Amino acid sequence: MKRTFLNLKTFAAIIFTAGLMTACSNEDDTVVTPEPDTEEPETEEPVEPRWITVAAAKMGEDPGDGNGGTLIYSVTSEDAKNPTVSIEPFENGFIAPSNRTARLQSSEDGKTIFNISYAGDTGGNYTKYTVEGGQTFTPSGSEVSIAPYVGTAPRWIKLFDGDQTGAAVYVNNENEFDENDAYTRTEATIGVVTLDLVNSSIKEFQEHSVPLSAEEEAAGYYISRIDMPTLNAAGDKLYIGARLNKVDPATAESDSDFEILGSKTIILDYPSLLNPSVITSTVGHGNTNGYRSINSFEYNGSVYQANQSDPEGSYILKIDSDNEYDDTYDFNLDDALGVEGAYILAWRPAANGKAVLAYRHDGSAEGVAGPQGFFALVDLNAKTAVKIEDIPYDPDFYLFQYQGFVVEGTEIYLTQGAVGQNGNIYVVETETGAVTKGAELVNVAGSHFIGVF
Amino acid sequence: MKKFFTAVLFFMYIFVQGQQILGTVSGTVQDTSGDPLPFASVLVERSKLGVLTDENGFYSINKVPKGKYNLVVSFVGYGTRSVPFEISDRNSRVSLNFTLQESTENLDEVTINGKSKETKLETKGFAVSAIKTEEASLRNIQTNELLNTTVGVKIRQNGGLGSDVTYSLNGLSGNSVRIFIDGIPISTYGNSFNLNSIPPSMIKNIEVYKGVVPGYLADDALGGAINIVLHNDAKTNFNASVSYGSFNTVQASVNGLYRFDKSGLTVKASLFHNYSDNDYKVSGRSVVVTGLGGVQTPITARRFNDAYRSTGGKAEIGYTDVKWADQFFVGITGSDDYKEVQHGAFMTITPYKDRFLESDALLGSLTYQKKDLFTKGLDVNVNGLYGKRNRVVNDTVSWAYSWTGERAIDFRGDEYQYTWRSQQEGGPTLAKIKRNVASIRTGVSYAINNHHKISANHVYSGIDREDSDPLQSVLENTFLGTRDLKKNIYSLTYELTAFDEKLKTSLFGKHYQQKTTSVDPAIETDENGNDVIVDEIVSSNKNYDGYGFAASYEIVPNITLLASAEKAIRLPDETEIFGNDGDNVVANSSIDPESSENFNLGFRFGNFNIKKHDFTISTNVFTRNIKDRIGLPIETSLNVDDELIVYVNQGSGTSKGFDAQLNYSYDNNFGLNFNISRYDLKIENQGIEIDVPNTPFFTMNGGLRYSFKDLIQKKSRLNAFYNLYFTDEFSFLTAQGSNTVGNEFFSVPQQISQDFGLSYAFPNNRFIVSFDIKNIFDEPVYDNLSVQKPGRAFYLKLNYAINKF
């Protein structure tokens with residue numbers, strides 16, 4: 001037995017040696033020594049400036065895919081406007097817990113960040129953080145998940161009701177057939193859940209069948225994706241954007257190159273989430289479900305909604321307080337910008353009816369992660385749109401994944417920066433169109449910035 | 001089928017008339033106290049025939065031609081004995097038992113002549129690990145666990161027995177690793193006959209080729225190949241085992257072979273049965289119960305929808321060691337399995353209930369092996385399989401369940417159904433995939449003399465796939481496409497042995513041909529204006545070439561330099577070429593295969609025998625340079641609504657690292673093995689290189705064995721085992737900045753798991769009882785982010801074996 005013991009010691013020695021090897025190589029990996037927080041959030045001034053939280057999406061496997069983590073970092077609005085300040089979210093940020101790009105929202109005062117994790121084991125988990133500057137985001141509230149209602153990859157948005165409520169949606173499709181096995185229609189069952197952002201609890205959930213007209217259904221049209229719930233001015237209706245797809249009734253296989261119908265919106269009673277109906281625009285044709293940033297906003301009693309994939313180029317559509325499309329409101333971005341194939345990627349109006357809008361068009365350069373993006377200054381009343389020339393553009397600057405603008409009075413904050421290149425925060429004064437170059441955003445290879453909150 | 005077998009039996013009868021029988025010599029080797037001497041060398045002098053004795057001191061040498069010989073038996077620390085024997089027409093089965101005396105002379109002078117089969121394999125130049133299953137088959141060890149402890153191999157399993165497994169060889173995984181059973185792609189056998197279900201007792205050994213794959217296993221194996229070699233001896237034997245343990249796990253196996261010595265007629269059969277509830281305890285951030293308002297309470301839950309059952313077997317009839325064949329068998333392989341699915345790729349707060357997968361397969365097989373056919377040095381090897389396999393996904397429960405195993409409640413306190421009306425998002429399904437599968441591998445080799453050998457190898461594998469779903473309408477099922485894939489892979493190898501067998505080289509070329517066909521029914525209008533259903537057929541036929549070499553040089557006795565390289569490719573699979581019907585991925589018939597230049601350079605030190613110490617050290621450094629990686633492009637505003645996403649070749653990748661292994665034994669009683677494996681896996685896309693996340697890049701395994709003789713009963717043997725498995729922490733997410741916070745959310749923590757086992761062989765060696773404790777300290781272990789694997793578990797196994805009737 002003595003011998004065995006000796007050999008055990010040998011074994012231990014080997015493992016120990018191997019351990020040392022690991023330790024050594026770990027040291028090799030850590031080339032950069034961690035530096036202490038450079039930003040001291042506390043300022044001496046009596047008026048608390050708003051926090052501006054920069055969101056950055058790290059490259060996963062492909063440049064610009066944003067799947068390598070969503071990092072956030074907060075600075076004061078003063079620092080955000082200061083071009084000598086440099087922000088490095090990829091080096092010093094807080095990684096929002098989400099397997100794929102986190103879907104972020106912030107409170108209107110910027111003091112709270114709301115996150116719903118997208119995909120993975122915690123997909124659908126709601127977390128909120130108190131913004132304390134720099135990389136410090138302190139979790140508050142209890143854990144709650146909307147996954148049981150809308151799945152682990154939920155489409156959600158914050159409603160404009162004083163940061164009280166978030167809403168998320170889901171749609172399930174099933175083809176239906178008659179007794180002769182002929183295709184009749186495609187059922188679209190929507191699920192809508194509202195989340196109490198303050199108390200971290202589920203408020204309401206309802207499920208509905210949302211049919212289209214008999215004629216549309218016979219042709220094979222159905223609502224295939226929904227997103228971007230928005231409250232009307234009265235706060236008694238919830239509008240949900242929709243994308244339509246089509247099957248070939250002869251084969252029940254999905255169709256492509258079909259005629260695009262008038263843009264549609266699903267309307268529900270709020271807060272009960274009952275009585276679904278569908279309204280259709282005669283002005284715009286295309287989807288109203290947006291992508292990752294809020295697609296419709298209440299302004300001056302009406303809801304203004306962007307559409308995408310419109311054959312005539314994107315429109316901003318108007319839904320009036322009677323909860324019907326105002327088809328006299330015709331605001332086409334191709335016409336307003338003088339381009340072909342304008343596609344609204346993200347936008348945000350200030351209270352004065354003037355908005356900053358991110359778009360691409362048919363003439364956009366093909367960058368590393370898709371078509372080049374631009375910003376425009378939009379006037380909802382005058383129905384004008386002007387490309388903002390004071391922001392530098394690069395072919396690799398793309399805005400498809402863009403999520404957030406901050407509105408402070410008539411000013412709108414945004415992030416600029418091509419994939420893999422440094423950028424800046426820019427502040428647009430919507431009244432005058434004046435553009436202020438703000439803090440520098442330090443990038444890393446293949447990554448990009450997805451907005452401010 | 002019945003007629004087929006009648007015909008086969010008839011032909012066998014004809015063949016057997018007037019066969020010249022090759023002889024067999026067998027027996028046992030023991031020491032003076034009557035204990036068996038395992039791994040003693042037994043050689044037929046002046047021939048190349050020789051073996052090592054097994055655990056029970058038993059040996060058997062087949063195919064000894066007629067004549068007079070000396071049988072030489074030796075063992076380190078013991079003397080050498082030589083006994084004459086004769087193989088004649090009347091006496092083709094010779095039994096010789098040896099008792100060796102402990103040697104008093106200088107032990108350094110005792111050397112073993114000849115190498116074990118494993119050593120031979122490992123000194124040919126390839127980066128290969130040969131895994132013996134003898135010991136594991138007597139213990140409560142599954143085939144996958146055995147592989148996972150092999151240097152350079154990493155297994156990642158999404159749960160307990162029967163759950164999904166991915167295999168990685170030196171960092172390359174998934175489609176890059178090809179797995180074979182006797183050279184036949186394991187996909188031919190289907191899900192019910194795989195490394196989760198086949199017991200180690202059916203397996204003779206496992207060969208793991210890393211990066212460079214020899215011609216006789218040619219396939220589009222970009223990162224390497226694992227070949228499971230089933231038992232192929234021609235000796236009457238029978239063994240049976242049953243194991244029971246934690247999580248209501250039962251594993252049973254029976255293997256038997258009977259050979260009629262006069263005619264050579266041989267029947268053999270293997271059966272296995274596995275069952276486990278897999279109801280092990282889990283906890284963590286997603287194991288919660290939700291109450292009113294969605295309030296979450298963390299719990300420790302037992303998995304409740306994770307049971308696994310697999311049953312299967314193989315029966316063969318044929319001839320062994322007859323003049324016209326060393327092995328000739330026709331057989332049938334049948335298997336059937338059932339696996340409940342507790343969750344998707346991740347453990348979420350919405351566990352699945354009553355989602356399960358079923359698969360079955362019924363395959364006919366043909367095996368033919370003959371050395372020195374027609375002329376000395378001409379060896380022929382044929383292995384074929386044909387049959388059907390089916391797989392069904394069943395997910396029809398719409399009610400939500402919680403981690404307690406009970407119906408979940410919603411925020412109002414009511415039981416509820418998911419909007420998607422199934423457990424996994426995507427809707428109810430009874431999707432069935434029927435496949436007709438065929439694969440045949442043929443190898444011919446000719447040894448011109450002791451120095452030159454050429455061989456040719458061909459493998460064909462074909463899969464015809466047909467999908468259907470009873471939950472879908474007749475119309476939808478009518479317009480579902482079918483996908484056929486047929487691969488032919490040819491290889492030509494030249495082997496040179498020179499300088500007194502110090503130099504061994506192998507040079508090979510491979511030719512890959514793949515034909516894929518997709519048939520999609522569509523509606524067209526004929527000349528009379530009527531709508532007719534026509535099949536839209538798209539096919540692609542691709543040809544590619546690859547080549548490589550392996551060389552070993554014994555610099556000084558027992559120190560061997562090993563080098564190998566290959567330009568390997570992986571052909572695009574049916575989804576990558578055609579997309580998935582119903583998915584918005586469409587055909588890209590111009591897609592290129594992934595290719596990789598693989599290099600290995602290694603040393604092998606050993607086997608050194610110093611006094612009673614015996615050790616071997618082997619190391620390998622490797623690089624893999626991958627090009628044209630296949631993947632999906634990123635979503636942009638241009639394709640977000642499209643039906644037009646295609647798989648594309650994008651970017652390159654590299655894996656660089658090293659493996660090392662140490663085996664040590666003392667006095668045949670004490671054994672130690674240790675291995676370490678580390679690599680860096682990077683991919684490059686549009687000029688930007690990243691470390692591939694979610695990669696367990698550093699692993700170590702260690703094992704100790706001690707053998708007690710005559711501890712309880714005389715002539716009995718008690719073996720004690722201890723194993724340690726280590727996998728370093730890795731992140732699900734790409735490497736982040738040095739000062740970021742929140743990284744721990746994505747971390748797959750370091751794993752250290754320890755097993756302990758005892759096995760007791762009763763004096764007659766027929767009964768062996770094994771007891772194993774796995775994960776002794778009940779550590780939470782994870783192969784994948786947040787998917788917890790089983791905790792501490794106990795297993796007891798009874799083995800019964802007879803080698804002589």
# chains A, B, ... in the order shown; residues from 1 in each chain; ligands from 1
$ interface_residues --of "chain A" --to "chain B" --cutoff "6 Å" --atoms "only C-alpha atoms" --output "ChimeraX atom specification"
/A:34,68,90-95,121,144,172,201-202,252,370
$ write_last_selection --atoms "C-alpha atoms" --output "short mmCIF file (atom, residue, chain, number, x, y, z; two decimals), in the first residue's frame"
data_model
loop_
_atom_site.label_atom_id
_atom_site.label_comp_id
_atom_site.auth_asym_id
_atom_site.auth_seq_id
_atom_site.Cartn_x
_atom_site.Cartn_y
_atom_site.Cartn_z
CA PRO A 34 -8.14 45.79 -15.65
CA GLY A 68 -21.62 38.55 -29.18
CA PHE A 90 -16.92 47.01 -25.15
CA GLU A 91 -14.11 47.46 -22.66
CA ASN A 92 -15.95 48.72 -19.62
CA GLY A 93 -19.62 47.99 -20.18
CA PHE A 94 -22.21 45.91 -18.42
CA ILE A 95 -23.25 42.86 -20.44
CA ASP A 121 -32.32 29.59 -21.09
CA VAL A 144 -40.61 37.58 -13.81
CA ASN A 172 -49.20 31.25 -34.07
CA SER A 201 -45.60 41.17 -12.50
CA ILE A 202 -47.88 40.03 -15.29
CA ALA A 252 -50.55 25.26 -49.03
CA GLY A 370 -26.06 45.05 -45.16
#
$ select_by_dssp --residues "range 499-634 of chain B" --states "helix (DSSP H, G or I)" --output "PyMOL selection string"
chain B and resi 574-578
$ write_last_selection --atoms "C-alpha atoms" --output "mmCIF file, in the first residue's frame"
data_model
loop_
_atom_site.group_PDB
_atom_site.id
_atom_site.type_symbol
_atom_site.label_atom_id
_atom_site.label_comp_id
_atom_site.auth_asym_id
_atom_site.auth_seq_id
_atom_site.Cartn_x
_atom_site.Cartn_y
_atom_site.Cartn_z
ATOM 1 C CA GLU B 574 -28.873 18.056 -47.573
ATOM 2 C CA THR B 575 -30.093 21.050 -45.538
ATOM 3 C CA GLU B 576 -27.132 23.152 -46.570
ATOM 4 C CA ILE B 577 -27.756 22.351 -50.224
ATOM 5 C CA PHE B 578 -31.527 22.356 -50.370
#
$ closest_residue --among "B:Asn598, B:Asn625, B:Ser461, B:Thr429" --to "Gly384 in chain B" --atoms "only C-alpha atoms"
B:Ser461
$ closest_residue --among "A:His285, A:Arg292, A:Lys203, A:Lys387" --to "Arg103 in chain A" --atoms "only C-alpha atoms"
A:Arg292
$ residues_around --residues "Ser747 in chain B" --least-positions-apart "5" --cutoff "7 Å" --atoms "only C-alpha atoms" --output "number ranges by chain"
B: 729-732
$ write_last_selection --atoms "N, CA and C atoms" --output "JSON list (two decimals), in the first residue's frame"
[["chain", "number", "residue", "atom", "x", "y", "z"],
["B", 729, "GLU", "N", -13.51, 26.15, -17.20],
["B", 729, "GLU", "CA", -14.59, 27.09, -17.46],
["B", 729, "GLU", "C", -14.49, 27.64, -18.87],
["B", 730, "PHE", "N", -15.62, 27.83, -19.50],
["B", 730, "PHE", "CA", -15.63, 28.52, -20.79],
["B", 730, "PHE", "C", -16.90, 29.34, -20.89],
["B", 731, "SER", "N", -16.92, 30.27, -21.84],
["B", 731, "SER", "CA", -18.07, 31.17, -21.93],
["B", 731, "SER", "C", -18.90, 30.88, -23.15],
["B", 732, "PHE", "N", -20.19, 31.01, -22.97],
["B", 732, "PHE", "CA", -21.12, 30.86, -24.09],
["B", 732, "PHE", "C", -20.97, 32.04, -25.05]]
$ select_by_dssp --residues "range 85-201 of chain B" --states "strand (DSSP E)" --output "ChimeraX atom specification"
/B:85-87,93-95,98-100,128-132,153-157,165-169,172-173,177-181,184-185
$ write_last_selection --atoms "N, CA and C atoms" --output "compact mmCIF listing (two decimals), in the first residue's frame"
# COMPACT_ATOMS: atom_id res chain seq x y z
N PHE B 85 3.72 -27.41 -30.78
CA PHE B 85 2.39 -27.95 -31.07
C PHE B 85 2.24 -28.13 -32.57
N GLU B 86 1.21 -28.85 -32.96
CA GLU B 86 1.01 -29.12 -34.38
C GLU B 86 -0.45 -28.91 -34.75
N ILE B 87 -0.66 -28.25 -35.87
CA ILE B 87 -2.01 -28.13 -36.43
C ILE B 87 -2.09 -29.11 -37.59
N ARG B 93 -7.78 -27.78 -33.40
CA ARG B 93 -7.99 -26.92 -32.22
C ARG B 93 -7.09 -27.44 -31.10
N VAL B 94 -6.06 -26.67 -30.84
CA VAL B 94 -5.09 -27.08 -29.84
C VAL B 94 -5.30 -26.26 -28.59
N SER B 95 -5.28 -26.93 -27.46
CA SER B 95 -5.41 -26.21 -26.20
C SER B 95 -4.11 -26.35 -25.42
N PHE B 98 -0.50 -22.56 -19.73
CA PHE B 98 0.85 -22.29 -19.25
C PHE B 98 0.82 -21.82 -17.80
N THR B 99 1.84 -22.23 -17.08
CA THR B 99 2.07 -21.64 -15.77
C THR B 99 3.47 -21.03 -15.81
N LEU B 100 3.54 -19.73 -15.58
CA LEU B 100 4.83 -19.05 -15.63
C LEU B 100 5.35 -18.83 -14.22
N VAL B 128 -3.94 8.83 -33.52
CA VAL B 128 -5.05 7.92 -33.25
C VAL B 128 -5.01 7.49 -31.80
N SER B 129 -6.19 7.34 -31.23
CA SER B 129 -6.28 6.73 -29.91
C SER B 129 -7.08 5.45 -30.08
N ALA B 130 -6.55 4.38 -29.55
CA ALA B 130 -7.27 3.12 -29.61
C ALA B 130 -7.78 2.82 -28.21
N ILE B 131 -9.07 2.64 -28.11
CA ILE B 131 -9.67 2.48 -26.79
C ILE B 131 -10.13 1.05 -26.63
N LYS B 132 -9.63 0.43 -25.57
CA LYS B 132 -10.06 -0.92 -25.28
C LYS B 132 -11.33 -0.87 -24.43
N VAL B 153 -10.67 14.05 -27.21
CA VAL B 153 -12.09 13.86 -27.51
C VAL B 153 -12.89 14.56 -26.43
N LYS B 154 -13.90 15.32 -26.83
CA LYS B 154 -14.79 15.92 -25.85
C LYS B 154 -16.23 15.64 -26.26
N ILE B 155 -16.95 15.09 -25.31
CA ILE B 155 -18.35 14.76 -25.54
C ILE B 155 -19.18 15.78 -24.79
N ARG B 156 -20.17 16.32 -25.44
CA ARG B 156 -21.07 17.24 -24.73
C ARG B 156 -22.47 16.69 -24.84
N GLN B 157 -23.03 16.40 -23.67
CA GLN B 157 -24.32 15.74 -23.65
C GLN B 157 -25.34 16.65 -22.96
N VAL B 165 -26.01 14.13 -27.97
CA VAL B 165 -24.58 14.19 -27.74
C VAL B 165 -23.92 14.86 -28.94
N THR B 166 -22.94 15.72 -28.67
CA THR B 166 -22.09 16.16 -29.77
C THR B 166 -20.66 15.73 -29.45
N TYR B 167 -19.94 15.39 -30.50
CA TYR B 167 -18.58 14.89 -30.36
C TYR B 167 -17.62 15.91 -30.93
N SER B 168 -16.55 16.15 -30.22
CA SER B 168 -15.55 17.08 -30.72
C SER B 168 -14.19 16.40 -30.70
N LEU B 169 -13.46 16.53 -31.80
CA LEU B 169 -12.10 16.00 -31.90
C LEU B 169 -11.17 17.17 -32.13
N LEU B 172 -12.83 20.37 -33.39
CA LEU B 172 -13.77 20.32 -34.50
C LEU B 172 -14.93 19.40 -34.13
N SER B 173 -16.14 19.85 -34.37
CA SER B 173 -17.27 19.07 -33.88
C SER B 173 -18.40 19.03 -34.89
N VAL B 177 -17.07 15.66 -37.60
CA VAL B 177 -16.62 14.40 -37.04
C VAL B 177 -17.53 13.29 -37.57
N ARG B 178 -16.94 12.29 -38.18
CA ARG B 178 -17.74 11.17 -38.69
C ARG B 178 -17.57 9.97 -37.77
N ILE B 179 -18.70 9.33 -37.49
CA ILE B 179 -18.67 8.17 -36.60
C ILE B 179 -19.11 6.94 -37.39
N PHE B 180 -18.38 5.86 -37.22
CA PHE B 180 -18.67 4.64 -37.96
C PHE B 180 -18.85 3.46 -37.01
N ILE B 181 -19.64 2.50 -37.45
CA ILE B 181 -19.64 1.20 -36.80
C ILE B 181 -19.07 0.24 -37.83
N ILE B 184 -19.03 1.62 -41.28
CA ILE B 184 -20.29 2.06 -41.87
C ILE B 184 -20.75 3.31 -41.11
N PRO B 185 -21.11 4.39 -41.82
CA PRO B 185 -21.54 5.61 -41.12
C PRO B 185 -22.67 5.31 -40.12
$ closest_residue --among "A:Ala342, A:Val407, A:Ile116, A:Val169" --to "Leu197 in chain A" --atoms "only C-alpha atoms"
A:Ile116
$ atom_distance --atom1 "CA of Phe39 in chain B" --atom2 "CA of Ser137 in chain B"
17.0 Å
$ residues_around --residues "range 48-58 of chain B" --least-positions-apart "4" --cutoff "9 Å" --atoms "only C-alpha atoms" --output "count of residues only"
27
$ residues_around --residues "Ser293 in chain A" --least-positions-apart "3" --cutoff "12 Å" --atoms "only C-alpha atoms" --output "VMD selection string"
chain A and resid 102 to 105 155 to 158 227 to 229 288 to 290 296 to 297 306 344 to 348 357 to 358 399 to 405 450 to 453
$ write_last_selection --atoms "C-alpha atoms" --output "short mmCIF file (atom, residue, chain, number, x, y, z; two decimals), in the first residue's frame"
data_model
loop_
_atom_site.label_atom_id
_atom_site.label_comp_id
_atom_site.auth_asym_id
_atom_site.auth_seq_id
_atom_site.Cartn_x
_atom_site.Cartn_y
_atom_site.Cartn_z
CA ALA A 102 -30.92 42.18 -25.66
CA ARG A 103 -34.13 44.09 -26.30
CA LEU A 104 -33.70 47.20 -24.17
CA GLN A 105 -36.01 50.01 -23.09
CA ARG A 155 -41.19 40.86 -29.22
CA TRP A 156 -41.83 43.49 -26.62
CA ILE A 157 -41.97 47.23 -26.26
CA LYS A 158 -42.57 49.73 -23.51
CA ASP A 227 -44.88 43.50 -32.99
CA MET A 228 -44.71 47.06 -31.66
CA PRO A 229 -47.79 47.53 -29.48
CA THR A 288 -46.11 47.67 -39.76
CA ASN A 289 -44.35 45.35 -37.31
CA GLY A 290 -41.00 47.17 -37.40
CA SER A 296 -45.25 53.91 -33.90
CA PHE A 297 -45.72 56.87 -31.58
CA ALA A 306 -43.90 53.68 -39.98
CA ILE A 344 -37.54 53.10 -42.24
CA LEU A 345 -35.26 51.21 -39.85
CA ALA A 346 -35.99 53.19 -36.69
CA TRP A 347 -37.39 56.57 -35.77
CA ARG A 348 -38.38 58.75 -32.87
CA LEU A 357 -35.53 58.81 -38.64
CA ALA A 358 -33.03 56.09 -39.60
CA LEU A 399 -28.91 50.79 -38.76
CA PHE A 400 -30.97 47.64 -39.17
CA GLN A 401 -30.44 46.60 -35.54
CA TYR A 402 -30.78 50.14 -34.22
CA GLN A 403 -32.87 50.24 -31.04
CA GLY A 404 -32.85 53.52 -29.16
CA PHE A 405 -33.05 57.31 -29.31
CA ILE A 450 -27.36 50.23 -31.39
CA GLY A 451 -28.54 53.41 -29.77
CA VAL A 452 -28.96 55.39 -26.59
CA PHE A 453 -31.51 54.99 -23.80
#
$ residues_around --residues "Lys504 in chain B" --least-positions-apart "6" --cutoff "12 Å" --atoms "only C-alpha atoms" --output "ChimeraX atom specification"
/B:120-126,450-453,494-498,549-555,560-564
$ residues_around --residues "Arg604 in chain B" --least-positions-apart "3" --cutoff "6 Å" --atoms "only C-alpha atoms" --output "list of chain:residue names"
B:Ile559, B:Thr560, B:Ile617, B:Ser618
$ write_last_selection --atoms "N, CA and C atoms" --output "PDB file, in the first residue's frame"
ATOM      1  N   ILE B 559      11.148   5.051 -28.961  1.00  0.00           N
ATOM      2  CA  ILE B 559      10.843   6.472 -29.139  1.00  0.00           C
ATOM      3  C   ILE B 559      10.496   6.667 -30.607  1.00  0.00           C
ATOM      4  N   THR B 560       9.263   7.004 -30.830  1.00  0.00           N
ATOM      5  CA  THR B 560       8.753   7.058 -32.189  1.00  0.00           C
ATOM      6  C   THR B 560       8.248   8.456 -32.489  1.00  0.00           C
ATOM      7  N   ILE B 617       4.386   7.393 -22.759  1.00  0.00           N
ATOM      8  CA  ILE B 617       3.957   8.789 -22.837  1.00  0.00           C
ATOM      9  C   ILE B 617       3.777   9.112 -24.308  1.00  0.00           C
ATOM     10  N   SER B 618       2.684   9.718 -24.660  1.00  0.00           N
ATOM     11  CA  SER B 618       2.547  10.157 -26.043  1.00  0.00           C
ATOM     12  C   SER B 618       2.013  11.576 -26.086  1.00  0.00           C
TER      13      SER B 618
END
$ closest_residue --among "B:Leu161, B:Ile141, B:Arg46, B:Ile440" --to "Lys774 in chain B" --atoms "only C-alpha atoms"
B:Ile141
$ closest_residue --among "A:Leu273, A:Val378, A:Ile279, A:Ala351" --to "Glu298 in chain A" --atoms "only C-alpha atoms"
A:Ala351
$ atom_distance --atom1 "CA of Trp403 in chain B" --atom2 "CA of Arg355 in chain B"
14.6 Å
$ atom_distance --atom1 "CA of Tyr308 in chain B" --atom2 "CA of Ser243 in chain B"
15.3 Å
